[in-house]
Each structure stands twice: as C-alpha cells, then as structure tokens.
Amino acid sequence: MYLRVLGSAAGGGFPQWNCNCPNCDGLRRGTVRAQARTQSSIALSANGIDWLLVNASPDILTQIRQTPLLQPARAIRDSGIAAVLLMDAQIDHVTGLLMLRESKAALPLLATPEVIADVSEGFPITRILSHYCGVQLHPLSCNAADIQVPGVDGLELTVVSLSSKPPPYSPFRECPRPGDNIGLIAHAGPGTPRLFYAPGLAEVTPQLHALMAECDIVLVDGTFWTADEMQQLGLSHKSAFDTGHLPQSGAGGMIEHLQRLPQRTRKLLIHINNTNPILNEDSAERALLQKLGIEVACDGMEIVF
Ligand code: MLT
Ligand code: MN
Ligand code: ZN
C-alpha cells in the first residue's frame with residue numbers, strides 16, 4: 001500500500017496568506033527553520049497507479065503538479081486519481097473538488113450522507129459540479145468495514161465515526177452528528193498492515209484507542225499544540241475544542257494517547273495549523289515530539305506499508 005501526503009497543513013496552509021504569527025512571519029523572513037505546507041490531503045493506492053484522493057484541498061492543483069505519479073499519461077485526458085473520499089465537509093477538505101471539474105467522467109465521490117448533505121446544500125459543490133463533470137455518489141455508512149473503492153483495486157477501508165465538528169457553514173456546527181467527521185482504517189486485505197487516518201479528531205475514546213492500537217501507522221490530527229493557542233496569539237476567541245480538534249500537549253492531549261499505543265506503532269501528526277510551534281524545527285515542542293518518536297507529516301512524504 002502506498003500513501004502520499006499531498007498537504008499537511010490545516011485550513012489556511014503555512015504560511016497563511018494574511019498571517020504574521022511567529023511561524024508565518026518567521027518562515028517568510030527566513031528566521032524560522034520550517035517547511036511551507038499546503039492544506040491537508042493524502043492519496044492512497046494499492047498498486048501505485050490508481051489512487052484514492054482523501055480530501056480535496058483548495059491546493060489540489062499545486063499538489064498534483066508536485067506529484068508526477070498522479071499523472072500516468074495513458075490518454076490525452078487522464079489522471080491517476082480514480083476516486084475522491086471526504087473525511088468531513090470542511091472548506092480545506094472539499095473545495096478542491098471544484099478544481100477537478102474537467103474530469104472526463106463523473107467523479108466517484110465517497111462520503112457519509114451528512115457530508116454529502118453539506119457539500120450539496122450549505123456549500124453546494126455537487127450541484128455546481130453537475131454542470132461540469134458531475135459526481136457519482138458512493139454514500140459511506142459509519143462503522144462499515146471492508147469497503148471497496150471503485151477504480152482503486154486492492155484497497156479496503158473501514159469507516160470510523162469520530163467526535164469532532166462539522167464546518168462553520170453546516171447547520172449542525174454546534175450539534176455534531178456521527179458521520180460529520182470520520183476516521184479511516186486502510187489496508188490491502190486481512191492480515192496486512194493497517195493505517196489509521198483522522199485529520200480532524202476532538203476526542204480519543206477508549207473504543208477509538210483500541211482501534212488505533214490495532215493499526216501499524218497512526219496519522220492523526222496535529223492542528224494545535226495547546227487548546228488556547230489561537231487565543232494566546234490574539235487570532236481567535238475559539239479554543240481547539242471549539243473547532244473540533246484535540247490539542248497535543250497537556251493532560252488528555254494527543255501526545256498522551258499516542259504514547260499509550262504499542263511501541264511498534266508509527267505515529268504521525270498531520271493537518272498542522274500554522275500557529276503550531278511544532279512547525280518550527282528548532283522548537284522545544286518539536287524536540288519533545290522527536291524524543292517521543294512522534295513524526296510531523298510534511299508535503300510529499302511517502303509511506304509504503
Ligand atoms: C478546521 O479543520 O478546523 C479547518 O481547517 C478550518 C478551516 O478550514 O478554516
Ligand atoms: Mn481543517
Ligand atoms: Zn500564522
């Protein structure tokens with residue numbers, strides 16, 4: 001199984017267009033050692049030719065240009081992207097669908113009914129795309145296993161319903177439902193290595209922890225280091241939890257949960273907000289992650305499992 005990190009930043013990317021927080025400003029000035037990042041998306045493939053795009057970031061066209069293996073050039077119009085799956089309906093995860101409108105066939109789109117409703121009504125992407133390539137909807141049930149992806153042979157998925165938040169434009173922002181945010185377990189079949197992926201995750205329940213502990217690679221929400229990171233910088237009144245993200249540090253934080261996983265589990269953070277001190281490669285926070293064996297995903301990262 002092949003995994004490509006196409007984008008590893010949260011909404012806004014890094015640096016964010018209008019942000020002068022220490023990270024964004026430091027990266028632009030060259031005073032902070034850090035790597036620029038595009039908005040959160042990964043691609044999965046069992047054969048290295050046919051890919052499932054997991055989330056369609058507003059940066060998708062740049063990401064595709066930076067990933068030649070997504071263009072196998074078998075025909076005058078072609079793409080290695082055989083289908084798209086949405087983990088939620090957040091702007092940073094769905095807007096790229098509009099950039100794929102030149103698709104020569106209806107885009108196979110896998111998402112829960114809750115996410116399909118948000119991208120059909122509040123942000124009517126599927127309705128807009130019906131005037132271009134159209135979408136071929138494949139509704140996903142929460143907690144369904146052994147899901148096959150059309151056009152991506154050899155990839156099997158399990159959908160896990162997660163506690164997080166639907167997007168601000170959703171009528172359900174303040175009363176999330178199962179299906180607004182999902183996690184994925186991906187593998188090539190029974191007995192093969194398993195990936196757990198969850199870029200938006202507010203709570204690791206004992207049941208979820210047990211599922212994560214059965215996986216070989218855990219790639220999870222790395223949005224914020226502290227719950228009040230945005231508030232401390234004067235950038236927002238909202239805490240990490242208000243926006244559906246579990247911060248890494250502190251009691252009950254993501255680091256604690258990752259440390260309780262088996263030693264052999266490969267642990268990585270993704271969907272990193274531009275304010276997060278772990279982006280600064282010389283920070284104490286980054287050094288702590290390194291000491292604990294927790295990796296920070298970056299654009300272009302390849303994982304073979
Ligand atoms: C989030 O996950 O909370 C988003 O990145 C917010 C956004 O897209 O603005
Ligand atoms: Mn996001
Ligand atoms: Zn910033």
# chains A, B, ... in the order shown; residues from 1 in each chain; ligands from 1
>>> residues_near_ligand(ligand="ligand 2", cutoff="8 Å", atoms="only C-alpha atoms and all ligand atoms", output="list in words")
Ala10, Gly11, Gln39, Ser40, Gln90, Ile91, Asp92, His93, Pro199, Gly200 and His271 of chain A
>>> residues_near_ligand(ligand="ligand 3", cutoff="8 Å", atoms="only C-alpha atoms and all ligand atoms", output="VMD selection string")
chain A and resid 14 to 16 18 to 25 273 to 275
>>> write_last_selection(atoms="all heavy atoms", output="short mmCIF file (atom, residue, chain, number, x, y, z; two decimals), in the first residue's frame")
data_model
loop_
_atom_site.label_atom_id
_atom_site.label_comp_id
_atom_site.auth_asym_id
_atom_site.auth_seq_id
_atom_site.Cartn_x
_atom_site.Cartn_y
_atom_site.Cartn_z
N PHE A 14 0.40 26.92 5.30
CA PHE A 14 1.54 27.51 6.01
C PHE A 14 2.59 27.95 5.01
O PHE A 14 3.09 27.12 4.28
CB PHE A 14 2.12 26.48 6.99
CG PHE A 14 3.36 26.96 7.71
CD1 PHE A 14 3.38 28.19 8.35
CD2 PHE A 14 4.51 26.17 7.73
CE1 PHE A 14 4.52 28.63 9.01
CE2 PHE A 14 5.66 26.60 8.40
CZ PHE A 14 5.65 27.84 9.04
N PRO A 15 2.92 29.27 4.94
CA PRO A 15 2.33 30.35 5.73
C PRO A 15 0.94 30.71 5.21
O PRO A 15 0.66 30.52 4.03
CB PRO A 15 3.32 31.50 5.51
CG PRO A 15 3.91 31.25 4.17
CD PRO A 15 3.97 29.77 4.01
N GLN A 16 0.10 31.22 6.10
CA GLN A 16 -1.25 31.63 5.71
C GLN A 16 -1.18 33.03 5.13
O GLN A 16 -0.46 33.89 5.65
CB GLN A 16 -2.16 31.59 6.94
CG GLN A 16 -3.61 31.98 6.65
CD GLN A 16 -4.49 31.83 7.87
OE1 GLN A 16 -4.48 30.81 8.52
NE2 GLN A 16 -5.26 32.87 8.17
N ASN A 18 -2.67 35.83 5.17
CA ASN A 18 -2.82 37.10 5.90
C ASN A 18 -2.27 37.01 7.32
O ASN A 18 -2.62 37.81 8.17
CB ASN A 18 -4.29 37.49 5.97
CG ASN A 18 -5.12 36.47 6.76
OD1 ASN A 18 -4.66 35.37 7.01
ND2 ASN A 18 -6.31 36.84 7.13
N CYS A 19 -1.40 36.01 7.58
CA CYS A 19 -0.98 35.78 8.96
C CYS A 19 0.48 36.19 9.19
O CYS A 19 1.37 35.86 8.39
CB CYS A 19 -1.16 34.31 9.32
SG CYS A 19 -0.93 34.04 11.09
N ASN A 20 0.69 36.87 10.29
CA ASN A 20 2.05 37.24 10.72
C ASN A 20 2.34 36.71 12.12
O ASN A 20 3.01 37.37 12.92
CB ASN A 20 2.23 38.76 10.64
CG ASN A 20 2.29 39.22 9.20
OD1 ASN A 20 3.15 38.78 8.44
ND2 ASN A 20 1.34 40.03 8.78
N CYS A 21 1.80 35.52 12.42
CA CYS A 21 2.16 34.86 13.68
C CYS A 21 3.65 34.52 13.61
O CYS A 21 4.26 34.59 12.54
CB CYS A 21 1.28 33.61 13.89
SG CYS A 21 1.75 32.19 12.87
N PRO A 22 4.28 34.17 14.75
CA PRO A 22 5.73 33.91 14.72
C PRO A 22 6.14 32.90 13.64
O PRO A 22 7.17 33.07 12.98
CB PRO A 22 6.02 33.41 16.13
CG PRO A 22 4.97 34.04 16.99
CD PRO A 22 3.73 34.12 16.12
N ASN A 23 5.34 31.87 13.42
CA ASN A 23 5.69 30.86 12.41
C ASN A 23 5.59 31.43 10.99
O ASN A 23 6.51 31.29 10.18
CB ASN A 23 4.77 29.65 12.50
CG ASN A 23 5.13 28.71 13.64
OD1 ASN A 23 6.24 28.75 14.17
ND2 ASN A 23 4.20 27.85 14.01
N CYS A 24 4.43 32.03 10.66
CA CYS A 24 4.22 32.51 9.29
C CYS A 24 5.22 33.62 8.95
O CYS A 24 5.86 33.60 7.88
CB CYS A 24 2.78 33.01 9.11
SG CYS A 24 1.54 31.68 9.14
N ASP A 25 5.37 34.56 9.87
CA ASP A 25 6.30 35.66 9.65
C ASP A 25 7.74 35.14 9.59
O ASP A 25 8.52 35.53 8.71
CB ASP A 25 6.13 36.68 10.80
CG ASP A 25 6.99 37.91 10.59
OD1 ASP A 25 6.85 38.57 9.55
OD2 ASP A 25 7.83 38.20 11.48
N ASN A 273 -1.84 23.33 12.12
CA ASN A 273 -2.17 24.75 11.94
C ASN A 273 -0.89 25.57 11.93
O ASN A 273 0.09 25.25 12.61
CB ASN A 273 -3.11 25.23 13.03
CG ASN A 273 -3.80 26.52 12.63
OD1 ASN A 273 -4.46 26.56 11.58
ND2 ASN A 273 -3.62 27.58 13.39
N ASN A 274 -0.93 26.67 11.18
CA ASN A 274 0.29 27.48 11.03
C ASN A 274 0.77 28.10 12.34
O ASN A 274 1.92 28.51 12.43
CB ASN A 274 0.10 28.53 9.92
CG ASN A 274 -1.10 29.42 10.17
OD1 ASN A 274 -1.06 30.31 11.02
ND2 ASN A 274 -2.17 29.18 9.42
N THR A 275 -0.08 28.15 13.36
CA THR A 275 0.34 28.68 14.66
C THR A 275 1.06 27.65 15.53
O THR A 275 1.63 28.00 16.58
CB THR A 275 -0.90 29.17 15.45
OG1 THR A 275 -1.86 28.10 15.47
CG2 THR A 275 -1.52 30.40 14.81
#
>>> residues_around(residues="A:Ala210", least_positions_apart="5", cutoff="12 Å", atoms="only C-alpha atoms", output="compact mmCIF listing (two decimals) with N, CA and C atoms, in the first residue's frame")
# COMPACT_ATOMS: atom_id res chain seq x y z
N PHE A 196 -4.34 4.01 10.27
CA PHE A 196 -5.46 4.78 10.82
C PHE A 196 -5.23 6.23 10.48
N VAL A 204 -10.34 11.07 21.89
CA VAL A 204 -9.93 9.67 21.71
C VAL A 204 -10.63 8.86 22.81
N THR A 205 -11.72 8.24 22.44
CA THR A 205 -12.47 7.41 23.39
C THR A 205 -11.73 6.09 23.59
N CYS A 215 -3.66 -0.74 14.69
CA CYS A 215 -3.09 -0.27 13.42
C CYS A 215 -1.57 -0.12 13.53
N HIS A 257 -2.28 10.10 24.34
CA HIS A 257 -2.94 8.98 23.67
C HIS A 257 -1.95 8.22 22.78
N LEU A 258 -1.11 8.96 22.07
CA LEU A 258 -0.15 8.31 21.17
C LEU A 258 0.87 7.50 21.97
N ARG A 260 0.39 5.90 24.64
CA ARG A 260 -0.19 4.65 25.14
C ARG A 260 -0.36 3.60 24.04
N LEU A 261 -0.03 3.96 22.80
CA LEU A 261 -0.10 2.97 21.72
C LEU A 261 1.13 2.06 21.81
N PRO A 262 1.05 0.87 21.17
CA PRO A 262 2.22 -0.01 21.21
C PRO A 262 3.47 0.68 20.67
>>> residues_around(residues="A:Ile303", least_positions_apart="6", cutoff="9 Å", atoms="only C-alpha atoms", output="compact mmCIF listing (two decimals) with N, CA and C atoms, in the first residue's frame")
# COMPACT_ATOMS: atom_id res chain seq x y z
N MET A 1 0.85 -1.20 0.00
CA MET A 1 0.00 0.00 0.00
C MET A 1 0.88 1.25 0.00
N TYR A 2 0.47 2.23 -0.79
CA TYR A 2 1.23 3.48 -0.87
C TYR A 2 0.40 4.64 -0.33
N LEU A 3 1.04 5.45 0.48
CA LEU A 3 0.40 6.67 0.98
C LEU A 3 1.28 7.85 0.61
N ARG A 4 0.69 8.88 0.02
CA ARG A 4 1.40 10.12 -0.28
C ARG A 4 0.74 11.25 0.49
N VAL A 5 1.49 11.97 1.25
CA VAL A 5 0.96 13.16 1.90
C VAL A 5 1.02 14.28 0.85
>>> closest_residue(among="A:Ser163, A:Thr265, A:Thr112, A:Ser103", to="A:Pro139", atoms="only C-alpha atoms")
A:Thr112
>>> atom_distance(atom1="atom CA of A:Glu174", atom2="atom CA of A:Ile116")
18.2 Å
>>> select_by_dssp(residues="stretch 16-238 of chain A", states="strand (DSSP E or B)", output="compact mmCIF listing (two decimals) with N, CA and C atoms, in the first residue's frame")
# COMPACT_ATOMS: atom_id res chain seq x y z
N ARG A 37 3.76 24.41 3.89
CA ARG A 37 2.84 23.27 3.75
C ARG A 37 1.54 23.70 3.10
N GLN A 39 -2.64 22.66 2.17
CA GLN A 39 -3.74 22.21 3.02
C GLN A 39 -4.02 20.71 2.86
N SER A 41 -4.38 16.86 2.77
CA SER A 41 -4.90 15.86 1.83
C SER A 41 -3.88 14.73 1.73
N ILE A 42 -4.38 13.51 1.55
CA ILE A 42 -3.47 12.39 1.27
C ILE A 42 -4.01 11.60 0.07
N ALA A 43 -3.17 10.77 -0.53
CA ALA A 43 -3.60 9.86 -1.58
C ALA A 43 -3.17 8.46 -1.19
N LEU A 44 -4.03 7.48 -1.49
CA LEU A 44 -3.77 6.08 -1.15
C LEU A 44 -3.88 5.23 -2.40
N SER A 45 -2.98 4.24 -2.52
CA SER A 45 -3.03 3.34 -3.67
C SER A 45 -2.47 1.98 -3.27
N TRP A 51 -5.26 5.82 -7.68
CA TRP A 51 -5.20 6.45 -6.36
C TRP A 51 -6.57 6.90 -5.89
N LEU A 52 -6.76 6.77 -4.58
CA LEU A 52 -7.90 7.38 -3.91
C LEU A 52 -7.40 8.69 -3.31
N LEU A 53 -8.02 9.80 -3.72
CA LEU A 53 -7.70 11.09 -3.12
C LEU A 53 -8.55 11.22 -1.85
N VAL A 54 -7.89 11.38 -0.72
CA VAL A 54 -8.63 11.50 0.54
C VAL A 54 -8.59 12.97 0.93
N ILE A 81 -5.95 9.82 -10.26
CA ILE A 81 -6.98 9.91 -9.22
C ILE A 81 -8.24 9.22 -9.74
N ALA A 82 -8.56 8.08 -9.14
CA ALA A 82 -9.70 7.29 -9.60
C ALA A 82 -10.97 7.61 -8.82
N ALA A 83 -10.82 8.11 -7.61
CA ALA A 83 -11.98 8.41 -6.77
C ALA A 83 -11.55 9.38 -5.69
N VAL A 84 -12.54 10.05 -5.10
CA VAL A 84 -12.27 11.01 -4.02
C VAL A 84 -13.10 10.62 -2.81
N LEU A 85 -12.48 10.66 -1.63
CA LEU A 85 -13.20 10.40 -0.39
C LEU A 85 -13.07 11.63 0.51
N LEU A 107 -17.14 12.23 -11.29
CA LEU A 107 -16.15 11.92 -10.25
C LEU A 107 -16.74 10.97 -9.23
N PRO A 108 -16.17 9.78 -9.04
CA PRO A 108 -16.64 8.93 -7.96
C PRO A 108 -16.33 9.60 -6.61
N LEU A 109 -17.36 9.84 -5.81
CA LEU A 109 -17.21 10.60 -4.56
C LEU A 109 -17.76 9.78 -3.40
N LEU A 110 -16.86 9.42 -2.47
CA LEU A 110 -17.26 8.64 -1.30
C LEU A 110 -17.35 9.57 -0.10
N ALA A 111 -18.48 9.57 0.59
CA ALA A 111 -18.65 10.41 1.77
C ALA A 111 -19.90 9.93 2.51
N VAL A 135 -20.87 14.27 -10.25
CA VAL A 135 -20.28 13.32 -9.30
C VAL A 135 -21.10 12.05 -9.28
N GLN A 136 -20.41 10.97 -8.99
CA GLN A 136 -21.07 9.66 -8.84
C GLN A 136 -20.97 9.36 -7.35
N LEU A 137 -22.08 9.52 -6.63
CA LEU A 137 -22.04 9.43 -5.17
C LEU A 137 -21.98 7.98 -4.68
N HIS A 138 -21.09 7.76 -3.72
CA HIS A 138 -21.00 6.46 -3.04
C HIS A 138 -21.13 6.74 -1.54
N PRO A 139 -22.37 6.72 -1.01
CA PRO A 139 -22.53 7.03 0.41
C PRO A 139 -21.82 6.02 1.30
N ILE A 147 -14.88 -1.84 2.89
CA ILE A 147 -15.39 -1.01 1.80
C ILE A 147 -14.37 -1.04 0.66
N GLN A 148 -14.86 -1.32 -0.54
CA GLN A 148 -14.01 -1.31 -1.73
C GLN A 148 -14.18 0.04 -2.42
N VAL A 149 -13.13 0.49 -3.05
CA VAL A 149 -13.19 1.79 -3.71
C VAL A 149 -13.23 1.58 -5.22
N VAL A 152 -10.02 1.65 -7.58
CA VAL A 152 -8.77 1.54 -6.78
C VAL A 152 -8.71 0.12 -6.21
N ASP A 153 -8.32 -0.80 -7.06
CA ASP A 153 -8.31 -2.21 -6.67
C ASP A 153 -7.32 -2.47 -5.54
N GLY A 154 -7.70 -3.35 -4.64
CA GLY A 154 -6.78 -3.81 -3.60
C GLY A 154 -6.79 -2.97 -2.35
N LEU A 155 -7.56 -1.90 -2.34
CA LEU A 155 -7.64 -1.05 -1.15
C LEU A 155 -8.94 -1.35 -0.41
N GLU A 156 -8.83 -1.63 0.88
CA GLU A 156 -10.02 -1.88 1.69
C GLU A 156 -10.08 -0.88 2.83
N LEU A 157 -11.28 -0.36 3.06
CA LEU A 157 -11.45 0.71 4.05
C LEU A 157 -12.46 0.34 5.11
N THR A 158 -12.20 0.83 6.32
CA THR A 158 -13.20 0.79 7.39
C THR A 158 -13.45 2.24 7.79
N VAL A 159 -14.71 2.60 7.91
CA VAL A 159 -15.08 3.96 8.30
C VAL A 159 -15.38 3.98 9.79
N VAL A 160 -14.79 4.94 10.49
CA VAL A 160 -14.98 5.05 11.93
C VAL A 160 -15.58 6.43 12.23
N SER A 161 -16.70 6.46 12.91
CA SER A 161 -17.29 7.75 13.22
C SER A 161 -16.51 8.41 14.37
N ILE A 182 -15.19 11.60 9.99
CA ILE A 182 -14.85 10.17 10.09
C ILE A 182 -13.34 9.97 10.19
N GLY A 183 -12.98 8.79 10.71
CA GLY A 183 -11.62 8.30 10.62
C GLY A 183 -11.64 7.15 9.63
N LEU A 184 -10.49 6.80 9.12
CA LEU A 184 -10.41 5.70 8.16
C LEU A 184 -9.37 4.69 8.62
N ILE A 185 -9.70 3.42 8.46
CA ILE A 185 -8.66 2.38 8.55
C ILE A 185 -8.49 1.85 7.13
N ALA A 186 -7.27 1.89 6.62
CA ALA A 186 -7.00 1.45 5.24
C ALA A 186 -5.99 0.32 5.28
N HIS A 187 -6.24 -0.70 4.46
CA HIS A 187 -5.30 -1.82 4.35
C HIS A 187 -5.52 -2.55 3.02
N LEU A 195 -3.43 1.23 8.30
CA LEU A 195 -3.26 2.66 8.55
C LEU A 195 -4.51 3.20 9.23
N PHE A 196 -4.34 4.01 10.27
CA PHE A 196 -5.46 4.78 10.82
C PHE A 196 -5.23 6.23 10.48
N TYR A 197 -6.24 6.88 9.88
CA TYR A 197 -6.11 8.27 9.44
C TYR A 197 -7.27 9.09 9.98
N ALA A 198 -6.97 10.18 10.65
CA ALA A 198 -8.02 11.05 11.19
C ALA A 198 -7.47 12.47 11.33
N ILE A 217 0.20 2.11 11.50
CA ILE A 217 0.52 3.51 11.27
C ILE A 217 -0.68 4.34 11.72
N VAL A 218 -0.41 5.36 12.51
CA VAL A 218 -1.48 6.21 13.02
C VAL A 218 -1.14 7.64 12.61
N LEU A 219 -1.98 8.22 11.75
CA LEU A 219 -1.74 9.56 11.18
C LEU A 219 -2.92 10.42 11.59
N VAL A 220 -2.68 11.29 12.60
CA VAL A 220 -3.83 11.94 13.23
C VAL A 220 -3.68 13.45 13.37
N ASP A 221 -4.78 14.05 13.78
CA ASP A 221 -4.96 15.48 13.99
C ASP A 221 -3.79 16.12 14.73
>>> select_by_dssp(residues="stretch 38-277 of chain A", states="alpha helix (DSSP H)", output="PyMOL selection string")
chain A and resi 60-65+91-94+113-118+125-129+206-213+229-232+254-259
>>> closest_residue(among="A:Gly222, A:Pro113, A:Gly26, A:Gly122", to="ligand 1", atoms="only C-alpha atoms and all ligand atoms")
A:Gly222
>>> closest_residue(among="A:Cys133, A:Leu211, A:Met230, A:Ile255", to="ligand 1", atoms="only C-alpha atoms and all ligand atoms")
A:Met230
>>> closest_residue(among="A:Asp242, A:Glu256, A:Glu114, A:Glu121", to="ligand 1", atoms="only C-alpha atoms and all ligand atoms")
A:Asp242
>>> residues_around(residues="A:Pro124", least_positions_apart="4", cutoff="12 Å", atoms="only C-alpha atoms", output="ChimeraX atom specification")
/A:89,91,94-95,97-98,115-120,128-131,169-170
>>> atom_distance(atom1="atom CA of A:Ser239", atom2="atom CA of A:Asp59")
25.6 Å
>>> residues_around(residues="A:Phe224", least_positions_apart="4", cutoff="8 Å", atoms="only C-alpha atoms", output="mmCIF file with N, CA, C and O atoms, in the first residue's frame")
data_model
loop_
_atom_site.group_PDB
_atom_site.id
_atom_site.type_symbol
_atom_site.label_atom_id
_atom_site.label_comp_id
_atom_site.auth_asym_id
_atom_site.auth_seq_id
_atom_site.Cartn_x
_atom_site.Cartn_y
_atom_site.Cartn_z
ATOM 1 N N GLU A 229 -4.143 28.116 21.859
ATOM 2 C CA GLU A 229 -3.076 28.652 21.006
ATOM 3 C C GLU A 229 -3.511 29.885 20.198
ATOM 4 O O GLU A 229 -2.802 30.896 20.149
ATOM 5 N N ALA A 240 -9.174 25.142 20.683
ATOM 6 C CA ALA A 240 -9.033 23.973 19.804
ATOM 7 C C ALA A 240 -10.314 23.138 19.844
ATOM 8 O O ALA A 240 -10.821 22.719 18.794
ATOM 9 N N HIS A 245 -10.867 20.054 17.499
ATOM 10 C CA HIS A 245 -9.523 19.469 17.457
ATOM 11 C C HIS A 245 -8.966 19.251 18.865
ATOM 12 O O HIS A 245 -9.007 20.157 19.702
ATOM 13 N N LEU A 246 -8.411 18.083 19.113
ATOM 14 C CA LEU A 246 -7.760 17.768 20.390
ATOM 15 C C LEU A 246 -6.320 18.276 20.328
ATOM 16 O O LEU A 246 -5.557 17.863 19.450
ATOM 17 N N PRO A 247 -5.916 19.174 21.234
ATOM 18 C CA PRO A 247 -4.524 19.649 21.190
ATOM 19 C C PRO A 247 -3.540 18.548 21.595
ATOM 20 O O PRO A 247 -3.925 17.568 22.232
ATOM 21 N N GLN A 248 -2.290 18.741 21.227
ATOM 22 C CA GLN A 248 -1.279 17.700 21.507
ATOM 23 C C GLN A 248 -0.813 17.681 22.958
ATOM 24 O O GLN A 248 -0.608 16.622 23.534
ATOM 25 N N ILE A 272 -1.663 20.365 10.362
ATOM 26 C CA ILE A 272 -1.000 21.186 11.377
ATOM 27 C C ILE A 272 -1.308 22.659 11.114
ATOM 28 O O ILE A 272 -1.068 23.164 10.009
ATOM 29 N N ASN A 273 -1.843 23.326 12.124
ATOM 30 C CA ASN A 273 -2.168 24.745 11.936
ATOM 31 C C ASN A 273 -0.887 25.575 11.930
ATOM 32 O O ASN A 273 0.089 25.253 12.613
ATOM 33 N N THR A 275 -0.079 28.148 13.359
ATOM 34 C CA THR A 275 0.344 28.682 14.661
ATOM 35 C C THR A 275 1.062 27.651 15.530
ATOM 36 O O THR A 275 1.626 28.004 16.576
ATOM 37 N N ASN A 276 1.016 26.379 15.130
ATOM 38 C CA ASN A 276 1.531 25.307 15.998
ATOM 39 C C ASN A 276 3.068 25.360 16.091
ATOM 40 O O ASN A 276 3.753 25.297 15.067
#
>>> closest_residue(among="A:Ile270, A:Leu140, A:Gly234, A:Gly300", to="A:Pro68", atoms="only C-alpha atoms")
A:Gly300
>>> residues_around(residues="A:Cys175", least_positions_apart="6", cutoff="12 Å", atoms="only C-alpha atoms", output="count of residues only")
8
>>> atom_distance(atom1="atom CA of A:Ala105", atom2="atom CA of A:Arg74")
15.3 Å
>>> closest_residue(among="A:Gly179, A:Leu201, A:His237, A:Thr243", to="ligand 1", atoms="only C-alpha atoms and all ligand atoms")
A:Thr243
